[in-house]
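J.: First the structure, then my questions, so here it is.
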Amino acid sequence: MADLSINFAGIKSPNPFWLASAPPANTGEQVMRAFDAGWGGAVWKTLGDPILNVTSRFAAVDLGTYKMMGLNNIELITDRPLDVNLKEMYEVKKRYPKHALIASLMTETKEDWRVLIKRCEDVGVDGLELNFGCPHGMCERGMGSSVGQEPKLITEITSWAKEFAKTPVLIKLTPNTGDITEAGLAAVAGGADGLSLINTIKSIIGIDLNKMVPFPAVAGASTNGGYCGPAVKPIALYMTAALAREQGIRNTPISGIGGISNWKDAAEFIALGATSVQVCTAVMHYGYRIVGDMIEGLSEYLDAQGMKSVEELRGRAVGAYREWGDLDLGHKLVARIDDKSCIGCQLCVTACHDGAHQCIFTGREEKQRPPHAHAHGNATPPTPFRVGAIAGERLPWVDEPECVGCNLCQLVCPVPGCITMQEVPGGKHETWNDRTREGRTKLPGGIHDV
């Protein structure tokens with residue numbers, strides 16, 4: 001089997017699967033059960049001045065029969081005494097010396113950071129994660145995402161931590177910012193040994209339309225919370241990739257967070273540059289046991305790909321993430337519909353006509369194509385075309401010259417493999433940036449000088 005062990009800025013872990021700083025890593029008893037189940041590391045629920053939490057705290061968005069597609073929480077940092085947390089962290093590290101134990105921290109003044117860092121390192125933690133991401137409650141007090149949105153503050157507080165710390169310092173970034181690379185570069189400028197992202201997204205998940213109160217309700221009122229779960233994975237993947245390809249960050253390890261529920265999710269984050277991955281919502285939903293399938297699945301995938309270690313996967317997809325202007329304009333796809341597997345539901349017809357480019361039809365009779373701008377050229381005159389090349393009145397077919405290869409029909413089709421996207425050979429490789437460098441741009445009327 002492939003070697004899943006990692007070295008994250010000097011923090012060694014038997015595998016890349018860590019518990020994120022959240023309710024699943026709230027107590028020593030929980031973390032020890034997680035390590036027994038197979039988790040390689042844990043980031044302890046954020047320490048600082050203990051607060052008093054409210055009830056209720058969670059609300060969710062379901063999608064069909066899928067529960068908790070998105071989870072919203074208004075829970076804050078630990079509400080347990082610091083001495084209790086530190087004692088339990090000491091016991092966990094003593095019993096599990098080969099597992100990664102990270103202390104998540106949030107406080108205010110420079111002296112507060114010094115004291116908190118020393119006390120955590122005294123109990124033997126392997127590293128520190130500064131929480132610059134919490135989007136509710138703590139940010140109103142000048143901490144959390146209020147720091148993560150200010151690059152100068154990120155650099156300053158990171159430099160404080162590096163001044164005091166003997167262990168690696170990770171900076172947990174907020175997605176609630178205009179440019180994640182600006183925040184990442186600010187952390188690196190402060191001396192950060194690693195980055196972790198994303199923290200939760202500021203959100204209101206829904207409204208009780210009978211009581212006219214947002215969820216989750218607290219005595220007839222609510223507030224914005226942090227959004228997480230499978231729904232945020234695409235945002236987290238983008239931000240992870242944006243940092244991984246940034247020149248000033250490429251040598252800084254990343255811990256990917258956001259919607260990771262299985263080995264495939266984890267592999268995608270690692271392929272986009274993450275060294276470790278952190279999981280929260282999936283554990284809250286299904287329990288610590290999911291890590292067994294994650295370990296097995298990632299191991300089997302690496303073996304199948306001929307990779308001897310998880311390190312060989314890290315960053316492999318980063319090079320394929322490019323700016324839009326560097327994509328190949330000459331690459332052309334068209335949709336093909338398999339009449340043998342098509343059930344005639346016509347979802348593709350509706351989607352194409354109402355939401356895309358009006359190139360999928362049904363029927364047999366000959367019709368007149370109306371004059372309009374051709375998908376790949378200038379306006380064309382009306383021409384007759386034969387409808388119904390496939391037998392059956394309900395079965396759709398594609399007018400290929402008009403198909404722009406947008407994929408929408410394939411996405412809405414309920415039959416796996418019925419609609420495929422086929423490449424049309426012969427296109428000349430050209431990018432938008434090529435055109436602009438040559439002083440040309442393509443406008444609706446054709447090619448014009450800039």
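If you're wondering about the labels, chains in the structure tokens are A, B, ... by order shown, residues count from 1 in each chain, ligands from 1 in order shown.
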May I have the residues within 9 Å of segment 420-435 of chain A as an MDAnalysis selection string, using only C-alpha atoms and disregarding those fewer than 3 positions away in the same chain?
T.: chainID A and resid 324:338 405 407 410 417 438:442
J.: Just C-alpha atoms for this one: save the residues we selected as a compact mmCIF listing (two decimals), in the first residue's frame.
T.:
```txt
# COMPACT_ATOMS: atom_id res chain seq x y z
CA TRP A 324 -9.64 32.00 -18.39
CA GLY A 325 -7.54 33.88 -20.91
CA ASP A 326 -5.13 30.96 -21.17
CA LEU A 327 -7.78 28.38 -22.11
CA ASP A 328 -7.87 26.96 -25.64
CA LEU A 329 -10.52 28.73 -27.75
CA GLY A 330 -10.03 26.22 -30.55
CA HIS A 331 -11.11 23.24 -28.45
CA LYS A 332 -14.64 22.25 -29.50
CA LEU A 333 -17.07 19.72 -28.03
CA VAL A 334 -20.55 18.72 -29.16
CA ALA A 335 -23.21 16.74 -27.33
CA ARG A 336 -24.11 13.25 -28.55
CA ILE A 337 -27.28 11.49 -27.36
CA ASP A 338 -27.48 7.69 -27.23
CA GLY A 405 -20.50 22.18 -26.03
CA ASN A 407 -22.42 20.49 -21.05
CA GLN A 410 -25.32 16.21 -19.93
CA GLY A 417 -23.81 7.89 -19.99
CA GLU A 438 -1.40 40.06 -31.28
CA GLY A 439 -3.60 43.15 -30.95
CA ARG A 440 -6.79 41.36 -31.95
CA THR A 441 -10.00 40.50 -30.15
CA LYS A 442 -13.10 38.61 -31.21
```
J.: Under the rule of at most 12 Å, produce a per-residue listing of segment 53-164 of chain A near segment 249-264 of chain A: chain, number, name, the closest pair of atoms, and the distance in Å, as a tab-separated table, using only C-alpha atoms.
T.:
```
residue	atom	partner	partner_atom	distance
A:Met68	CA	A:Gly259	CA	10.8
A:Met69	CA	A:Gly259	CA	8.9
A:Gly70	CA	A:Gly259	CA	8.6
A:Leu71	CA	A:Gly259	CA	9.9
A:Ile102	CA	A:Ser255	CA	12.0
A:Glu129	CA	A:Ser255	CA	10.5
A:Gly133	CA	A:Ile257	CA	11.9
```
J.: Segment 165-391 of chain A: which residues are strand (DSSP E or B) by DSSP, as a count of residues only?
T.: 52
J.: Which residue, A:Thr155, A:Thr174, A:Ser203, A:Asn210, has the smallest gap to Gly190 of chain A when you use only C-alpha atoms?
T.: A:Thr155
J.: Which residues are close to Ile290 of chain A, i.e. within 12 Å by only C-alpha atoms, leaving aside same-chain residues fewer than 3 positions away? Reply as a PyMOL selection string.
T.: chain A and resi 17+19+34+37-39+260-263+279-287+293-297
J.: Mind dumping the selected residues with N, CA and C atoms as a PDB file, in the first residue's frame?
T.:
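Wrote it out as out_27.pdb, contents follow:
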```
ATOM      1  N   PHE A  17      -5.271  12.881   7.230  1.00  0.00           N
ATOM      2  CA  PHE A  17      -6.629  13.153   7.703  1.00  0.00           C
ATOM      3  C   PHE A  17      -6.619  13.681   9.133  1.00  0.00           C
ATOM      4  N   LEU A  19      -8.795  16.043  12.180  1.00  0.00           N
ATOM      5  CA  LEU A  19     -10.028  16.686  12.623  1.00  0.00           C
ATOM      6  C   LEU A  19      -9.820  18.194  12.613  1.00  0.00           C
ATOM      7  N   ALA A  34     -11.095   9.466  18.274  1.00  0.00           N
ATOM      8  CA  ALA A  34     -10.809   9.718  16.859  1.00  0.00           C
ATOM      9  C   ALA A  34      -9.488   9.075  16.443  1.00  0.00           C
ATOM     10  N   ALA A  37      -9.829   5.503  15.965  1.00  0.00           N
ATOM     11  CA  ALA A  37     -10.548   5.176  14.732  1.00  0.00           C
ATOM     12  C   ALA A  37      -9.650   5.279  13.510  1.00  0.00           C
ATOM     13  N   GLY A  38      -8.519   5.998  13.632  1.00  0.00           N
ATOM     14  CA  GLY A  38      -7.595   6.086  12.511  1.00  0.00           C
ATOM     15  C   GLY A  38      -7.211   7.482  12.063  1.00  0.00           C
ATOM     16  N   TRP A  39      -7.774   8.520  12.682  1.00  0.00           N
ATOM     17  CA  TRP A  39      -7.415   9.882  12.283  1.00  0.00           C
ATOM     18  C   TRP A  39      -5.947  10.144  12.586  1.00  0.00           C
ATOM     19  N   ILE A 260     -15.105  18.274   2.938  1.00  0.00           N
ATOM     20  CA  ILE A 260     -14.466  16.977   2.693  1.00  0.00           C
ATOM     21  C   ILE A 260     -15.241  15.891   3.426  1.00  0.00           C
ATOM     22  N   SER A 261     -15.762  14.929   2.646  1.00  0.00           N
ATOM     23  CA  SER A 261     -16.602  13.879   3.225  1.00  0.00           C
ATOM     24  C   SER A 261     -16.092  12.476   2.945  1.00  0.00           C
ATOM     25  N   ASN A 262     -15.181  12.317   1.979  1.00  0.00           N
ATOM     26  CA  ASN A 262     -14.716  10.983   1.591  1.00  0.00           C
ATOM     27  C   ASN A 262     -13.307  11.089   1.006  1.00  0.00           C
ATOM     28  N   TRP A 263     -12.731   9.947   0.632  1.00  0.00           N
ATOM     29  CA  TRP A 263     -11.355   9.925   0.142  1.00  0.00           C
ATOM     30  C   TRP A 263     -11.200  10.728  -1.139  1.00  0.00           C
ATOM     31  N   VAL A 279     -11.341  17.802   8.530  1.00  0.00           N
ATOM     32  CA  VAL A 279     -12.736  17.404   8.359  1.00  0.00           C
ATOM     33  C   VAL A 279     -13.527  17.766   9.605  1.00  0.00           C
ATOM     34  N   CYS A 280     -14.726  18.318   9.399  1.00  0.00           N
ATOM     35  CA  CYS A 280     -15.594  18.668  10.525  1.00  0.00           C
ATOM     36  C   CYS A 280     -17.011  18.146  10.304  1.00  0.00           C
ATOM     37  N   THR A 281     -17.729  18.728   9.322  1.00  0.00           N
ATOM     38  CA  THR A 281     -19.156  18.450   9.154  1.00  0.00           C
ATOM     39  C   THR A 281     -19.434  16.982   8.926  1.00  0.00           C
ATOM     40  N   ALA A 282     -18.617  16.312   8.121  1.00  0.00           N
ATOM     41  CA  ALA A 282     -18.852  14.892   7.841  1.00  0.00           C
ATOM     42  C   ALA A 282     -18.748  14.052   9.109  1.00  0.00           C
ATOM     43  N   VAL A 283     -17.847  14.447  10.017  1.00  0.00           N
ATOM     44  CA  VAL A 283     -17.746  13.742  11.295  1.00  0.00           C
ATOM     45  C   VAL A 283     -18.968  14.029  12.159  1.00  0.00           C
ATOM     46  N   MET A 284     -19.433  15.268  12.154  1.00  0.00           N
ATOM     47  CA  MET A 284     -20.637  15.599  12.904  1.00  0.00           C
ATOM     48  C   MET A 284     -21.848  14.832  12.375  1.00  0.00           C
ATOM     49  N   HIS A 285     -21.821  14.503  11.096  1.00  0.00           N
ATOM     50  CA  HIS A 285     -22.936  13.806  10.453  1.00  0.00           C
ATOM     51  C   HIS A 285     -22.852  12.293  10.647  1.00  0.00           C
ATOM     52  N   TYR A 286     -21.654  11.725  10.427  1.00  0.00           N
ATOM     53  CA  TYR A 286     -21.523  10.272  10.376  1.00  0.00           C
ATOM     54  C   TYR A 286     -20.610   9.675  11.442  1.00  0.00           C
ATOM     55  N   GLY A 287     -19.848  10.502  12.140  1.00  0.00           N
ATOM     56  CA  GLY A 287     -18.981   9.978  13.185  1.00  0.00           C
ATOM     57  C   GLY A 287     -17.548   9.764  12.724  1.00  0.00           C
ATOM     58  N   ASP A 293     -12.825   4.380   5.770  1.00  0.00           N
ATOM     59  CA  ASP A 293     -13.065   4.359   4.330  1.00  0.00           C
ATOM     60  C   ASP A 293     -12.180   5.374   3.606  1.00  0.00           C
ATOM     61  N   MET A 294     -11.894   6.495   4.254  1.00  0.00           N
ATOM     62  CA  MET A 294     -11.046   7.513   3.636  1.00  0.00           C
ATOM     63  C   MET A 294      -9.615   6.994   3.466  1.00  0.00           C
ATOM     64  N   ILE A 295      -9.114   6.351   4.483  1.00  0.00           N
ATOM     65  CA  ILE A 295      -7.764   5.781   4.406  1.00  0.00           C
ATOM     66  C   ILE A 295      -7.703   4.696   3.346  1.00  0.00           C
ATOM     67  N   GLU A 296      -8.657   3.783   3.367  1.00  0.00           N
ATOM     68  CA  GLU A 296      -8.671   2.686   2.401  1.00  0.00           C
ATOM     69  C   GLU A 296      -8.827   3.196   0.972  1.00  0.00           C
ATOM     70  N   GLY A 297      -9.755   4.134   0.787  1.00  0.00           N
ATOM     71  CA  GLY A 297     -10.005   4.650  -0.554  1.00  0.00           C
ATOM     72  C   GLY A 297      -8.815   5.386  -1.129  1.00  0.00           C
TER      73      GLY A 297
END
```
J.: Which residues are near Val349 of chain A? Cut-off 12 Å, only C-alpha atoms, ignore same chain within fewer than 3 positions. Put them as a VMD selection string.
T.: chain A and resid 337 344 to 346 352 to 363 394 to 399 408 to 410 412 to 413
J.: So that I can check the surroundings of Leu237 of chain A, please list as a ChimeraX atom specification every protein, DNA and RNA residue that reaches within 12 Å of it, counting only C-alpha atoms and ignoring chain neighbours fewer than 5 positions away.
T.: /A:175,180,197-198,230-232,242-244,254-260,265-274,277,317-318,321
J.: Can you tell me, as an MDAnalysis selection string, what residues are no more than 12 Å from segment 78-91 of chain A when counting only C-alpha atoms, ignoring any on the same chain fewer than 3 positions away?
T.: chainID A and resid 21:32 42:54 75 94:97 100:106 115:126 138
J.: Measuring atom to atom with only C-alpha atoms, identify which of A:Phe35, A:Glu311, A:Phe58, A:Leu302 is nearest to Pro214 of chain A.
T.: A:Phe58
J.: Using only C-alpha atoms, which of the listed residues (A:Arg114, A:Arg316, A:Lys211, A:Lys202) sits closest to Lys166 of chain A?
T.: A:Arg114
J.: Work out how far apart atom CA of Lys162 of chain A and atom CA of Asn7 of chain A are and give it in Å to one decimal.
T.: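 Between atom CA of Lys162 of chain A and atom CA of Asn7 of chain A the gap is 19.4 Å.
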J.: Give the helix (DSSP H, G or I) residues of segment 29-271 of chain A, as assigned by DSSP on the backbone, as a PyMOL selection string.
T.: chain A and resi 29-37+82-95+110-122+139-141+145-148+151-164+180-189+230-244+263-271
J.: Write the residues of the preceding selection, restricted to C-alpha atoms, as a short mmCIF file (atom, residue, chain, number, x, y, z; two decimals), in the first residue's frame.
T.:
```cif
data_model
loop_
_atom_site.label_atom_id
_atom_site.label_comp_id
_atom_site.auth_asym_id
_atom_site.auth_seq_id
_atom_site.Cartn_x
_atom_site.Cartn_y
_atom_site.Cartn_z
CA GLU A 29 -12.02 11.87 25.19
CA GLN A 30 -13.24 12.76 21.70
CA VAL A 31 -9.79 13.20 20.21
CA MET A 32 -8.57 9.91 21.65
CA ARG A 33 -11.55 8.06 20.20
CA ALA A 34 -10.81 9.72 16.86
CA PHE A 35 -7.17 8.60 16.96
CA ASP A 36 -8.30 5.07 17.81
CA ALA A 37 -10.55 5.18 14.73
CA LEU A 82 -8.43 26.64 29.63
CA ASP A 83 -6.81 24.57 32.40
CA VAL A 84 -9.16 21.66 31.64
CA ASN A 85 -8.39 21.79 27.93
CA LEU A 86 -4.64 21.93 28.51
CA LYS A 87 -4.71 18.98 30.91
CA GLU A 88 -6.60 16.88 28.39
CA MET A 89 -4.26 17.92 25.55
CA TYR A 90 -1.32 16.77 27.65
CA GLU A 91 -2.94 13.38 28.23
CA VAL A 92 -3.78 12.96 24.53
CA LYS A 93 -0.23 13.72 23.39
CA LYS A 94 1.23 11.46 26.08
CA ARG A 95 -0.94 8.55 24.95
CA LYS A 110 0.45 40.60 22.13
CA GLU A 111 0.92 39.56 25.74
CA ASP A 112 -2.19 37.36 25.58
CA TRP A 113 -0.71 35.59 22.54
CA ARG A 114 2.61 35.08 24.34
CA VAL A 115 1.01 33.53 27.41
CA LEU A 116 -1.40 31.32 25.47
CA ILE A 117 1.28 30.03 23.11
CA LYS A 118 3.63 29.16 25.98
CA ARG A 119 0.96 27.33 27.93
CA CYS A 120 -0.04 25.26 24.90
CA GLU A 121 3.53 24.38 23.99
CA ASP A 122 4.22 23.41 27.60
CA CYS A 139 -15.22 38.98 14.81
CA GLU A 140 -17.56 41.45 16.51
CA ARG A 141 -15.01 41.46 19.34
CA SER A 145 -12.39 37.05 10.52
CA SER A 146 -12.02 40.72 11.47
CA VAL A 147 -8.28 39.95 11.61
CA GLY A 148 -8.35 37.66 8.57
CA PRO A 151 -3.57 41.83 5.70
CA LYS A 152 -1.57 44.17 7.95
CA LEU A 153 -3.08 42.61 11.05
CA ILE A 154 -2.46 39.09 9.69
CA THR A 155 1.22 39.90 9.20
CA GLU A 156 1.59 41.61 12.57
CA ILE A 157 -0.08 38.95 14.72
CA THR A 158 1.62 36.15 12.81
CA SER A 159 4.97 37.78 13.53
CA TRP A 160 4.04 37.93 17.22
CA ALA A 161 3.31 34.22 17.25
CA LYS A 162 6.55 33.42 15.44
CA GLU A 163 8.44 35.50 17.98
CA PHE A 164 7.05 33.43 20.85
CA ILE A 180 -7.48 34.97 -0.61
CA THR A 181 -3.97 35.29 -2.04
CA GLU A 182 -3.57 38.69 -0.43
CA ALA A 183 -4.32 37.16 2.97
CA GLY A 184 -2.07 34.18 2.29
CA LEU A 185 0.85 36.36 1.27
CA ALA A 186 0.34 38.49 4.38
CA ALA A 187 0.59 35.38 6.56
CA VAL A 188 3.75 34.25 4.78
CA ALA A 189 5.19 37.74 5.21
CA PRO A 230 -20.38 19.64 1.19
CA ALA A 231 -21.93 22.81 -0.25
CA VAL A 232 -18.77 24.85 0.35
CA LYS A 233 -16.29 22.38 -1.18
CA PRO A 234 -16.06 24.16 -4.59
CA ILE A 235 -15.20 27.44 -2.87
CA ALA A 236 -12.60 25.75 -0.70
CA LEU A 237 -11.03 23.98 -3.69
CA TYR A 238 -10.72 27.25 -5.57
CA MET A 239 -9.07 29.06 -2.68
CA THR A 240 -6.70 26.18 -2.00
CA ALA A 241 -5.63 26.15 -5.65
CA ALA A 242 -5.27 29.93 -5.75
CA LEU A 243 -2.77 29.78 -2.90
CA ALA A 244 -0.96 26.70 -4.18
CA TRP A 263 -11.35 9.92 0.14
CA LYS A 264 -12.13 11.41 -3.27
CA ASP A 265 -12.77 14.86 -1.77
CA ALA A 266 -9.47 14.58 0.09
CA ALA A 267 -7.61 13.49 -3.05
CA GLU A 268 -8.93 16.52 -4.93
CA PHE A 269 -7.64 18.91 -2.26
CA ILE A 270 -4.26 17.18 -2.21
CA ALA A 271 -4.05 17.27 -6.01
#
```
J.: In Å, how far is it from atom CA of Leu173 of chain A to atom CA of Gln247 of chain A?
T.: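 Between atom CA of Leu173 of chain A and atom CA of Gln247 of chain A the gap is 18.0 Å.
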